[in-house]
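Asks: There's a structure below that I have some questions on.
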Amino acid sequence: MSTQSINPVKDKYKVRNWKEYNSNLCKRGSLTLFIDPKVLQEWDSLIRKKKEVGEQTYSDSIIRCCLLVKLNYGLRYRQSTGFLQSLFELMGKSALPIPDYTTLCRRQKELPVAIEERLKRGENLVIGIDSTGLKVYGEGEWKVRKHGWSKHRTWRKLHICIDLITQEILSVELTGNNEDDASVGIRMLKGESSRIKGFKGDGAYDKFGFREVLGHDTEQVIPPPQNAVVCLSKKKKPLPKHLIQRNEAVKYIQEHGSKKWKEKQGYHQRSLNEVVMFRYKTIFGGELMARTKENQTTEVKLKCLLLNKFTRMGLPDSYKVS
């Protein structure tokens, strides 16, 4: 008798808006996609403007534009300089000055990057947070499988907060691999959670401090662990309101099971976080190009800015056929 396991049949999907989505995929490779007309006007003014003592030659928006081109096409600093020079020659703007590679590297360290302002604006959002690992340097997977890993392997954790409705990235945090998800989530949402409509995350966010930051007005869809018990008030003090939802989840799971609770709460919508992680690593890879922590933080923010640009251009509208 064969002991070979039988894989379940995968669900198949079809895309309704294939024509539009295919067109949007083609537009992502456009050479002029990242050169905004306003930035181009700033670039033109550099030729006529007289530089003052101590003034930076290139504005933040110009540096940001150069780095977006660099990251989108997977270039190094010197290659991106040559790429932009040839691009401007094709556009008939060969007179425009291009930042050299040392300027790009130095300015990347403290470059301000605003990914999305919707959290600060106080919109009623349903959000999710998750993390993934990004390699800084170390052996490849083949070497690890063949000979094992050595101490010369360094990773960062990328924490991404998304809008679960539109799949736009709202906030990003890059940390070492020793920080837990809940403590980073507290930093990401502290002071910006007053009007969050709902949060969906895995069991790593089942921490009292994180639930307190979310507040009782936010629908908290976070699975408690299997051995979780109902929290009781102490010394005649009322139970904190942010723990009431957790108690309700614990009671429901004890009576009906974890699977029923997840179906009832729509917990599996949090898997959209993993979709965003998959898109990030498919487009940009799972490694960081920069070597310093400050440059790495700017790098991941710019990559997430690109993902948001791609998202707004259009996502596939798919439906299950089997």
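Convention: chains lettered A, B, ... in structure tokens order; per-chain residue numbering from 1; ligands numbered from 1 as shown.
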Give me the residues of stretch 106-200 of chain A that have any atom at most 8 Å from an atom of stretch 292-301 of chain A; for each, the nearest atom pair and the distance in Å, rounded to one decimal. Use only C-alpha atoms, sort by chain and number, and format it as a tab-separated table.
Replies:
```
residue	atom	partner	partner_atom	distance
A:Gln108	CA	A:Asn295	CA	5.7
A:Lys109	CA	A:Asn295	CA	4.7
A:Glu110	CA	A:Glu294	CA	7.1
A:Leu111	CA	A:Thr298	CA	6.8
A:Pro112	CA	A:Thr298	CA	7.9
A:Val113	CA	A:Lys301	CA	6.6
A:Ile115	CA	A:Lys301	CA	6.7
A:Val172	CA	A:Lys301	CA	6.6
A:Glu173	CA	A:Thr297	CA	7.6
A:Leu174	CA	A:Thr297	CA	5.9
```
Asks: Output the selection as a JSON list (two decimals), in the first residue's frame - C-alpha atoms for each residue.
Replies:
```json
[["chain", "number", "residue", "atom", "x", "y", "z"],
["A", 108, "GLN", "CA", 19.28, 58.43, 1.63],
["A", 109, "LYS", "CA", 20.29, 58.25, 5.29],
["A", 110, "GLU", "CA", 17.92, 61.01, 6.46],
["A", 111, "LEU", "CA", 15.54, 61.30, 3.52],
["A", 112, "PRO", "CA", 11.94, 61.88, 4.72],
["A", 113, "VAL", "CA", 9.52, 59.38, 3.15],
["A", 115, "ILE", "CA", 4.17, 56.41, 2.73],
["A", 172, "VAL", "CA", 6.23, 50.61, 7.99],
["A", 173, "GLU", "CA", 8.77, 49.81, 10.70],
["A", 174, "LEU", "CA", 12.16, 48.12, 10.27]]
```
Asks: Output as number ranges by chain all residues of stretch 11-168 of chain A that backbone DSSP marks as alpha helix (DSSP H).
Replies: A: 18-27, 37-48, 60-72, 77-90, 101-108, 141-147
Asks: For the contact check between stretch 203-273 of chain A and stretch 186-189 of chain A, emit one row per residue of stretch 203-273 of chain A within 12 Å, containing the shortest atom pair and the distance in Å rounded to one decimal, counting only C-alpha atoms, chain then rising number order, as a Markdown table.
Replies:
```
| residue | atom | partner | partner_atom | distance |
| --- | --- | --- | --- | --- |
| A:Tyr205 | CA | A:Ile186 | CA | 9.5 |
| A:Asp206 | CA | A:Ile186 | CA | 11.8 |
| A:Lys207 | CA | A:Ile186 | CA | 10.0 |
| A:Phe208 | CA | A:Ile186 | CA | 10.6 |
| A:Gly209 | CA | A:Ile186 | CA | 7.6 |
| A:Phe210 | CA | A:Ile186 | CA | 5.6 |
| A:Arg211 | CA | A:Ile186 | CA | 8.9 |
| A:Glu212 | CA | A:Ile186 | CA | 9.2 |
| A:Val213 | CA | A:Ile186 | CA | 6.5 |
| A:Leu214 | CA | A:Leu189 | CA | 7.6 |
| A:Gly215 | CA | A:Leu189 | CA | 10.9 |
```
Asks: DSSP on the backbone: what in stretch 48-211 of chain A comes out strand (DSSP E or B), as a ChimeraX atom specification?
Replies: /A:126-137,154-163,169-176,198-200
Asks: Can you pull out the residues contacting A:Gln254? Cut-off 10 Å, using only C-alpha atoms, and skip same-chain residues under 3 positions away; I want them as a list in words.
Replies: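 My reading of the contact set: Gln226, Asn227, Ala228, Val229, Glu248, Ala249, Val250, Lys251, Gly257, Ser258 and Trp261 of chain A.
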Asks: Excluding stretch 100-107 of chain A and any residue of its chain fewer than 4 positions from it, enumerate the residues within 7 Å of it, using only C-alpha atoms, and give them as a ChimeraX atom specification.
Replies: /A:63,77-78,81,111
Asks: Put those residues in a file: C-alpha atoms, as a PDB file, in the first residue's frame.
Replies:
```
ATOM      1  CA  ILE A  63      16.671  62.599  -4.440  1.00  0.00           C
ATOM      2  CA  TYR A  77      24.027  53.887  -7.125  1.00  0.00           C
ATOM      3  CA  ARG A  78      26.472  54.337 -10.029  1.00  0.00           C
ATOM      4  CA  THR A  81      23.254  57.811 -12.237  1.00  0.00           C
ATOM      5  CA  LEU A 111      15.537  61.303   3.517  1.00  0.00           C
TER       6      LEU A 111
END
```
Asks: Wanna dump the stretch 262-310 of chain A-stretch 199-204 of chain A contacts at 10 Å for me, each residue with its shortest atom pair and the distance in Å to one decimal, counting only C-alpha atoms, ordered by chain and number, as JSON lines?
Replies:
```
{"residue": "A:Gln265", "atom": "CA", "partner": "A:Lys200", "partner_atom": "CA", "distance": 9.2}
{"residue": "A:Gly266", "atom": "CA", "partner": "A:Lys200", "partner_atom": "CA", "distance": 8.8}
{"residue": "A:Tyr267", "atom": "CA", "partner": "A:Lys200", "partner_atom": "CA", "distance": 6.5}
{"residue": "A:His268", "atom": "CA", "partner": "A:Lys200", "partner_atom": "CA", "distance": 8.6}
{"residue": "A:Gln269", "atom": "CA", "partner": "A:Lys200", "partner_atom": "CA", "distance": 7.5}
{"residue": "A:Arg270", "atom": "CA", "partner": "A:Lys200", "partner_atom": "CA", "distance": 5.6}
{"residue": "A:Ser271", "atom": "CA", "partner": "A:Gly201", "partner_atom": "CA", "distance": 8.8}
{"residue": "A:Asn273", "atom": "CA", "partner": "A:Gly201", "partner_atom": "CA", "distance": 8.8}
```
Asks: Quick one: everything within 9 Å of stretch 11-28 of chain A, counting only C-alpha atoms, minus sequence neighbours fewer than 2 positions away in the same chain. Send it as a CSV table (one decimal) with all heavy atoms, in the first residue's frame.
Replies:
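Result went into selection_38.csv, see below:
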```csv
chain,number,residue,atom,x,y,z
A,9,VAL,N,-6.6,19.4,-3.9
A,9,VAL,CA,-6.7,20.1,-5.2
A,9,VAL,C,-6.8,21.6,-4.9
A,9,VAL,O,-7.5,22.1,-4.0
A,9,VAL,CB,-8.0,19.7,-6.0
A,9,VAL,CG1,-8.1,20.5,-7.2
A,9,VAL,CG2,-7.9,18.2,-6.3
A,30,SER,N,7.1,51.6,-17.3
A,30,SER,CA,7.3,52.9,-18.0
A,30,SER,C,8.5,53.7,-17.4
A,30,SER,O,8.7,53.8,-16.2
A,30,SER,CB,6.1,53.8,-17.9
A,30,SER,OG,6.3,55.0,-18.4
A,31,LEU,N,9.4,54.2,-18.3
A,31,LEU,CA,10.6,54.9,-17.9
A,31,LEU,C,10.2,56.2,-17.2
A,31,LEU,O,11.0,56.7,-16.3
A,31,LEU,CB,11.5,55.2,-19.1
A,31,LEU,CG,12.1,54.0,-19.7
A,31,LEU,CD1,12.9,54.4,-21.0
A,31,LEU,CD2,13.1,53.3,-18.7
A,33,LEU,N,7.4,56.8,-15.4
A,33,LEU,CA,6.4,56.7,-14.4
A,33,LEU,C,6.7,57.4,-13.1
A,33,LEU,O,5.8,57.9,-12.4
A,33,LEU,CB,6.2,55.2,-14.1
A,33,LEU,CG,5.2,54.8,-13.0
A,33,LEU,CD1,3.8,55.2,-13.4
A,33,LEU,CD2,5.2,53.3,-12.7
A,310,PHE,N,1.8,51.0,-7.4
A,310,PHE,CA,1.3,49.9,-8.2
A,310,PHE,C,-0.1,49.5,-7.8
A,310,PHE,O,-0.9,49.2,-8.7
A,310,PHE,CB,2.2,48.7,-8.1
A,310,PHE,CG,3.6,48.9,-8.6
A,310,PHE,CD1,4.7,48.1,-8.1
A,310,PHE,CD2,3.9,49.9,-9.5
A,310,PHE,CE1,6.0,48.3,-8.6
A,310,PHE,CE2,5.2,50.1,-10.0
A,310,PHE,CZ,6.2,49.3,-9.6
A,313,MET,N,-2.7,51.8,-9.3
A,313,MET,CA,-2.8,51.6,-10.7
A,313,MET,C,-3.8,50.5,-11.1
A,313,MET,O,-4.4,50.5,-12.1
A,313,MET,CB,-1.5,51.3,-11.4
A,313,MET,CG,-0.5,52.4,-11.3
A,313,MET,SD,1.2,51.9,-11.9
A,313,MET,CE,0.8,51.6,-13.6
A,314,GLY,N,-4.0,49.6,-10.1
A,314,GLY,CA,-5.0,48.5,-10.4
A,314,GLY,C,-4.6,47.2,-9.9
A,314,GLY,O,-3.4,46.8,-10.3
A,315,LEU,N,-5.4,46.5,-9.2
A,315,LEU,CA,-5.2,45.1,-8.8
A,315,LEU,C,-6.1,44.1,-9.6
A,315,LEU,O,-7.2,44.5,-10.1
A,315,LEU,CB,-5.4,44.9,-7.3
A,315,LEU,CG,-4.4,45.7,-6.4
A,315,LEU,CD1,-4.8,45.5,-4.9
A,315,LEU,CD2,-3.0,45.1,-6.6
A,316,PRO,N,-5.8,42.9,-9.7
A,316,PRO,CA,-6.6,41.9,-10.3
A,316,PRO,C,-7.9,41.7,-9.5
A,316,PRO,O,-7.9,41.6,-8.3
A,316,PRO,CB,-5.8,40.6,-10.4
A,316,PRO,CG,-4.8,40.7,-9.3
A,316,PRO,CD,-4.5,42.2,-9.2
A,317,ASP,N,-9.1,41.6,-10.2
A,317,ASP,CA,-10.4,41.3,-9.6
A,317,ASP,C,-10.7,39.9,-10.0
A,317,ASP,O,-11.1,39.6,-11.1
A,317,ASP,CB,-11.4,42.3,-10.2
A,317,ASP,CG,-12.8,42.0,-9.6
A,317,ASP,OD1,-12.9,41.3,-8.6
A,317,ASP,OD2,-13.8,42.4,-10.2
A,318,SER,N,-10.4,39.0,-9.0
A,318,SER,CA,-10.5,37.5,-9.3
A,318,SER,C,-11.6,36.9,-8.6
A,318,SER,O,-12.1,37.4,-7.6
A,318,SER,CB,-9.2,36.8,-8.9
A,318,SER,OG,-8.9,37.0,-7.6
A,319,TYR,N,-12.1,35.7,-9.1
A,319,TYR,CA,-13.1,35.0,-8.5
A,319,TYR,C,-12.8,33.5,-8.6
A,319,TYR,O,-12.1,33.0,-9.6
A,319,TYR,CB,-14.5,35.3,-9.1
A,319,TYR,CG,-14.6,34.9,-10.6
A,319,TYR,CD1,-15.2,33.7,-11.0
A,319,TYR,CD2,-14.1,35.8,-11.6
A,319,TYR,CE1,-15.2,33.4,-12.3
A,319,TYR,CE2,-14.2,35.5,-12.9
A,319,TYR,CZ,-14.8,34.2,-13.3
A,319,TYR,OH,-14.8,33.9,-14.6
A,320,LYS,N,-13.3,32.7,-7.7
A,320,LYS,CA,-13.0,31.3,-7.6
A,320,LYS,C,-13.9,30.5,-8.6
A,320,LYS,O,-15.1,30.7,-8.6
A,320,LYS,CB,-13.1,30.7,-6.2
A,320,LYS,CG,-12.6,29.3,-6.0
A,320,LYS,CD,-12.4,29.0,-4.6
A,320,LYS,CE,-13.6,29.0,-3.7
A,320,LYS,NZ,-13.4,28.5,-2.3
A,321,VAL,N,-13.3,29.6,-9.3
A,321,VAL,CA,-14.1,28.8,-10.3
A,321,VAL,C,-14.2,27.4,-9.9
A,321,VAL,O,-14.9,26.6,-10.5
A,321,VAL,CB,-13.5,28.9,-11.7
A,321,VAL,CG1,-13.6,30.4,-12.2
A,321,VAL,CG2,-12.0,28.5,-11.8
A,322,SER,N,-13.4,26.9,-8.9
A,322,SER,CA,-13.5,25.5,-8.5
A,322,SER,C,-12.9,25.4,-7.1
A,322,SER,O,-12.3,26.3,-6.6
A,322,SER,CB,-12.7,24.6,-9.4
A,322,SER,OG,-11.3,24.9,-9.3
```
